[in-house]
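Asker: Could you have a look at this structure, given as structure tokens, before my questions?
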Amino acid sequence: MLGAVVDVLARDLEAARASASGPGGRAAAVSALAAFASGSPIDRLAWSLGLSHSRVVRLVDQLEADGQVTRARGTADRRTVHVTLTDSGWALARRIATARLAILRDEVEALGADDRAALDRICATVLSRRIDSLRAAERTCRLCEPRACGHPRRCPVTQAANAHRSAGGGAHGSGR
């Protein structure tokens, strides 16, 4: 049953993202930039999305042509290119988040209080088991609403990433 629930919600969420941003991965890139990476190098965006550098460069080309991002050379390393959301990009990120959250809110609000609490516990347990690297945490956090998860103190993804960091784990991992 879990697989069916995940599949149904994933299709609805993807449709909402595409409706808000258009096809081609733009929503994921804009969401990641809004969550933590605006002003970061393209490489950071690439590994947080799980895409190749060249694919992210093409995404950034599209976003820049649409006025959603700007690029600038790094100051410490002139070989790097940093990507920053424009005001229009931030507005797009808000539209994407609003569309996603509306679907999730409808489903969660249809549950009783006990079921919502159980869902929260189950999701936190699954997330804490699945985050095995800092990259996996960033890949997951780009889809989150920080106020909902209690970031940073109550966030299960942040807690798992902190535990991984304390154990001496690096940025890499399976990134499940």
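Simple scheme: letters A, B, ... for chains in structure tokens order, numbers from 1 for residues in each chain, numbers from 1 for ligands in the order shown.
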Just list as JSON, numbers by chain whatever in region 49-175 of chain A DSSP marks as helix (DSSP H, G or I).
Answerer: {"A": [49, 53, 54, 55, 56, 57, 58, 59, 60, 61, 62, 63, 64, 65, 87, 88, 89, 90, 91, 92, 93, 94, 95, 96, 97, 98, 99, 100, 101, 102, 103, 104, 105, 106, 107, 108, 109, 113, 114, 115, 116, 117, 118, 119, 120, 121, 122, 123, 124, 125, 126, 127, 128, 129, 130, 134, 135, 136, 137, 138, 139, 140, 141, 146, 147, 148, 149, 156, 157, 158, 159, 160, 161, 162, 163, 164, 165, 166]}
Asker: To one decimal place, how far is CA of Arg129 (chain A) from CA of Ala10 (chain A) in Å?
Answerer: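 Rounded to one decimal, the two atoms are 20.4 Å apart.
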Asker: Please provide as a ChimeraX atom specification all residues within 6 Å of region 93-109 of chain A, with the sequence filter that same-chain residues fewer than 5 positions apart are discarded (counting only C-alpha atoms).
Answerer: /A:13,16-17,20,30-31
Asker: Please determine, counting only C-alpha atoms, which residue among A:Arg165, A:Arg73, A:His151, A:Arg44 has the shortest atom-to-atom distance to Ile131 (chain A).
Answerer: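 With only C-alpha atoms as the atom set, the closest residue is A:Arg165.
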Asker: Quote the spacing between CA of Ser52 (chain A) and CA of Arg71 (chain A) in Å to one decimal place.
Answerer: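 Computing the Euclidean distance for CA of Ser52 (chain A) and CA of Arg71 (chain A) yields 18.0 Å.
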Asker: Point out the residue among A:Leu85, A:Cys141, A:Leu134, A:Ala148 with the least atom-to-atom distance to Glu64 (chain A), counting only C-alpha atoms.
Answerer: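 The shortest atom-to-atom distance to Glu64 (chain A) comes from A:Leu85.
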Asker: Which one is closest to Leu92 (chain A): A:Gly150, A:Gly22, A:Pro156, A:Gly50? Count only C-alpha atoms.
Answerer: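 When distances to Leu92 (chain A) are compared using only C-alpha atoms, the smallest one comes from A:Gly22.
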Asker: Based on DSSP run over this structure's backbone, return all residues of region 75-176 of chain A in strand (DSSP E), as a list in words.
Answerer: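 For region 75-176 of chain A, the strand (DSSP E) set is Val81, His82, Val83, Thr84 and Leu85 of chain A.
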Asker: Between A:Thr86, A:Arg26, A:Ala113, A:Gly3, which one has atoms that come closest to Gly67 (chain A), using only C-alpha atoms?
Answerer: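 With only C-alpha atoms as the atom set, the closest residue is A:Thr86.
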